[in-house]
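Colleague: One structure, as C-alpha cells, below. Some questions next.
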Amino acid sequence: MEIFELSAHQIVEMIKHREISATEILESTLQRVAQVDGSPGSIEQKDPTDQQPNHVHAFITLTAERARKQAKLIDNAVARGEDIGLLAGVPFTIKDIFCVKETPTTAASRILANFISPYSATPAERLEAAGGILLGKVNLDEFTHGSSNESSAFKPFPRNPWNTQRVTGGSSGGSAASVAAREAVLSLGTDTAGSIRQPAAFCGVVGMKPTYGRVSRYGLIAFGSSLDCPGPLARNVTDAALMLQVIAGADPHDATAVSLSVDDYPRLLENGIRGLRIGISPDYFRITYPDPETGELRQESITPEIEAAVLRAAGRLAEMGADIVDEVPMPHTRYGIPAYFVISRVEAASNLHRFDGVKYGYRTPDAVEDLHEMYRKTRGQAFGVQPKLRILMGMYVSAAQYSEQYYNRALRVRTLIRQDFDDIFNPNGKYRLDALLAPTTPTTAFPIGDVYGDSVLMQYADQLTVPANHAGVPAISLPCGFDKDGLPIGFQLIGPDFSEANLLRLGRAYELATENDTWREKRPAI
Amino acid sequence: MNEEITPGIFEHLVQLGALELDDEEAQYLRRQLNNQLKAIHELEAIPVSEDINITSHGIPYTPRIMSPIRGDEWLPNPDSNEIIAQVPETDEGYIVVPDIPHTDLD
C-alpha cells in the first residue's frame, strides 16, 4: 500500500507511534496530486479541456506551503511528546464554498474569483485545530448549484476518477473526486439536496449529511440556509466518524448549531447492529423524470441493477443482525424536488443579494451611470446561469401575489415530508425504524454533457436525497458495488434526528460484512 | 406552450434580481424557468389545507437542543485592513461606489 492510500485512523496511529511523520505523509499526498490532478480549475479557461484526458481536476487552489507548515507543527509536537489531535497529520481538502483565512474562497464563481477570506469557517477551523493538514480548496458547482460540477466557472471541472468521461456528481464533486482518487484522505463538503451523498455515490466513497444543526454553518457561503449541512466525505466509515467527531458541536457564531453534546462516534462504531430496525420503502425505488419531448413528468421503476445492489446491501445488514421491515410507506417522497424548486430558490435569491460588487469580489470594469447599473452589470457579468436561474425563480415564487400558491404551499408540503419520517421513526408507531435504507441516486454517474443544460432533469438527480434535507434528518451514503460499466453504486441510510452514531454503526457493520467481497478490491483507473 | 413567465414578467424579475442579461441568455433562462414551473405544479396534486403548519426548518428547535443566544458584546476585528483590502475601490479607508440615484418614495 502506498502512503497516500492510508486511512485517517491509520495515519493518526502511525504518527502517534512515530512510525511515520506528518511531513512524509504530506509529501506522498502532494506527489499523488501532482500525478493525477492535472491543471487546477481556473476562470481563464473557457471549456472543459481534453488535453489531460485522464486527470481528475479536483482542485481550484492547492495550499502546499501552508500544508507543509502545518505538517511541521505536528512533527514538532510529536517530537516534544505532546498530545496530538484526533486528525493529526491527516491530509484533507475543503469544498471551495467554505471560508478559510488568507485563502482564496471562490464558490467556483467569477463573482468571488478574487476573494481572499479574512476569517475561517468553524468546521474548517476545527479540522485544522485537530491537526488535519489542509491540502487546498476543491471545485464544485457554482455556489453549490448543481449535481454534476459542470456549472463551475472554474474549468476544467472535476472528472470522475472511475471514468473521466463521466461526471463526479455534485455539488461536492471536487471533494468526492479528491477522496476517491486518493489525493486526499478526507474532504469537507456540504449537502443541501444531496450534494455530499450524490457525488459520494457517483465516486464510490462514503459521504454523510449530518442532522441540520449538528455542524455549524459559520463561514459557509449560504445557498439554502434552512437546508445546508456541512459534512464529511471519506473512503471508509471510521474516517467519516472521526471527522464528524471533530466538526460537530455548538458554535456561538451559528445559532442554528444545536447545544446537544456530540456522541463519541468512533467509539460507538463496533457496537454491533443486532435488533436495529431498517425499513425499505417502495417509494424510494420509483423515480420521476421529465419526458425529454414534452417535459411532462413520468414515473418508472429504478434501474434493476441499482435496485439489486441496494437490496443486496440490505441482505448483508440482515445477516449482521438487523431486522428488515419491508413496504414502509413514504408517500411524499416524489414531492421533494418540486418543493425544493421553490424553497431553495427563495433562500438562494435572498442569500445571493449580498454579491453586488461593493464590498468584495468582482466589480464590473465598465463605465456606469449609477450604483444600480453597477449592480446589474456586475451581477450579469459575474454570475453564471445557475445562480441567475435561482435568483429569478426565487423572486417569482416569493412575490406577494404568488407566495401563497407557491412558497407557502411548498413549506406545507415540507411539513408532510417531515411527517413521513416522523411516522416511520416514531418509537411507539407501527414501524419503529432506526433507519430507512434506499438507493442514493436514480442512476450511476452520467456522461459529461448528457444532462447539463436541462435544469429540470439535473435537479431530479437529487430526488432520492432531497427528502432528508427537507426533514433535516441525517443520512449516510455508502458504496455497495459497481454497475456493468464499472461505475460505483451507492446506497443510503437515513435516520431520525441526531442518530449519526447509529447510522455510522450500521455503515461500519456493512463494511465488515463486505470486507472480503471482490468489488472492494477495485480502485479507480487513473 | 403555455408560458406562465411571460416576457413582461421575466423582465420585471430581471430588474428585481439586479441582473443585466443578453438576449440569448434571457431566452434560455426564461425557457428553463417555465420548465421548472411544470415540475413545481406537481405540488398542486397534494391537498394542503391551511391547518397544516409550514415548516421553515426540518428539525424542531426545542429548548433541549437550542443554543443560548450569545451576549450582545462588541468584539473588535483584529485587523479591519484585511476586510478593507477586499473592497474593489476605496479612498482613505472609505468604500467608493458610483452615484446613488435619487428616488422619490411613493
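In the C-alpha cells, the first chain shown is A, the next is B, and so on; residue numbers restart at 1 for each chain, and ligands run from 1 in the order shown.
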If you take only C-alpha atoms and a cut-off of 7 Å, which residues of chain B touch chain A, and what are their nearest atom pairs and distances in Å to one decimal, in chain and number order, as CSV?

Modeller:
residue,atom,partner,partner_atom,distance
B:Leu13,CA,A:Leu392,CA,5.8
B:Val14,CA,A:Leu392,CA,6.7
B:Gly17,CA,A:Ile391,CA,6.2
B:Ala18,CA,A:Arg376,CA,4.7
B:Leu19,CA,A:Arg376,CA,4.3
B:Glu20,CA,A:Gly380,CA,4.5
B:Leu21,CA,A:Gly380,CA,5.8
B:Leu29,CA,A:Leu389,CA,6.3
B:Gln32,CA,A:Ser455,CA,6.5
B:Leu33,CA,A:Met393,CA,6.6
B:Asn35,CA,A:Val456,CA,6.9
B:Gln36,CA,A:Val456,CA,5.8
B:Ala39,CA,A:Pro338,CA,5.6
B:Ile40,CA,A:Pro338,CA,4.5
B:Glu42,CA,A:Pro338,CA,6.5
B:Leu43,CA,A:Pro338,CA,6.4
B:Val48,CA,A:Arg412,CA,6.7
B:Ile52,CA,A:Arg412,CA,6.1
B:Asn53,CA,A:Arg412,CA,6.1
B:Ile54,CA,A:Arg412,CA,4.5
B:Thr55,CA,A:Thr415,CA,5.2
B:Ser56,CA,A:Leu411,CA,6.6
B:His57,CA,A:Ser226,CA,5.4
B:Gly58,CA,A:Ala471,CA,4.1
B:Ile59,CA,A:Gly472,CA,5.2
B:Ile65,CA,A:Ser259,CA,5.1
B:Met66,CA,A:Val258,CA,5.3
B:Ser67,CA,A:Ser259,CA,4.8
B:Ile69,CA,A:Ala255,CA,6.7
B:Arg70,CA,A:Pro252,CA,6.1
B:Glu82,CA,A:Pro118,CA,6.0
B:Ile83,CA,A:Pro118,CA,6.3
B:Gln86,CA,A:Tyr360,CA,4.9
B:Val87,CA,A:Lys359,CA,4.6
B:Pro88,CA,A:Tyr360,CA,6.1
B:Val97,CA,A:Leu371,CA,6.6
B:Pro98,CA,A:Leu371,CA,5.0
B:Asp99,CA,A:Asp370,CA,4.7
B:Ile100,CA,A:Leu371,CA,5.2
B:Pro101,CA,A:Asp370,CA,6.3

Colleague: Once DSSP has gone over the backbone, tell me which residues of chain B are in strand (DSSP E), as a VMD selection string.

Modeller: chain B and resid 90 to 91 94 to 95

Colleague: Keeping only N, CA and C atoms, write those residues as a CSV table (one decimal), in the first residue's frame.

Modeller:
chain,number,residue,atom,x,y,z
B,90,THR,N,-11.5,51.9,-3.0
B,90,THR,CA,-11.5,52.6,-1.7
B,90,THR,C,-10.8,53.9,-1.8
B,91,ASP,N,-11.1,54.8,-0.8
B,91,ASP,CA,-10.4,56.0,-0.8
B,91,ASP,C,-10.2,56.3,0.7
B,94,TYR,N,-12.4,54.5,3.0
B,94,TYR,CA,-13.8,54.6,2.7
B,94,TYR,C,-14.1,53.7,1.4
B,95,ILE,N,-15.3,53.1,1.4
B,95,ILE,CA,-15.7,52.3,0.2
B,95,ILE,C,-16.2,53.3,-0.8

Colleague: Env of stretch 313-321 of chain A: 8 Å cut, atoms = only C-alpha atoms, seq-sep filter 3 positions within chain, self excluded. Answer as a list in words.

Modeller: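 So the residues in contact are Gly272, Ile273, Arg274, Gly275, Leu276, Ala309, Val310, Ile324, Leu437, Cys480, Phe491, Leu506, Ala509, Tyr510, Ala513 and Thr514 of chain A.
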
Colleague: Separation of atom CA of A:Ala22 and atom CA of A:Asp75, in Å?

Modeller: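 Spanning atom CA of A:Ala22 to atom CA of A:Asp75 is a straight-line distance of 6.0 Å.
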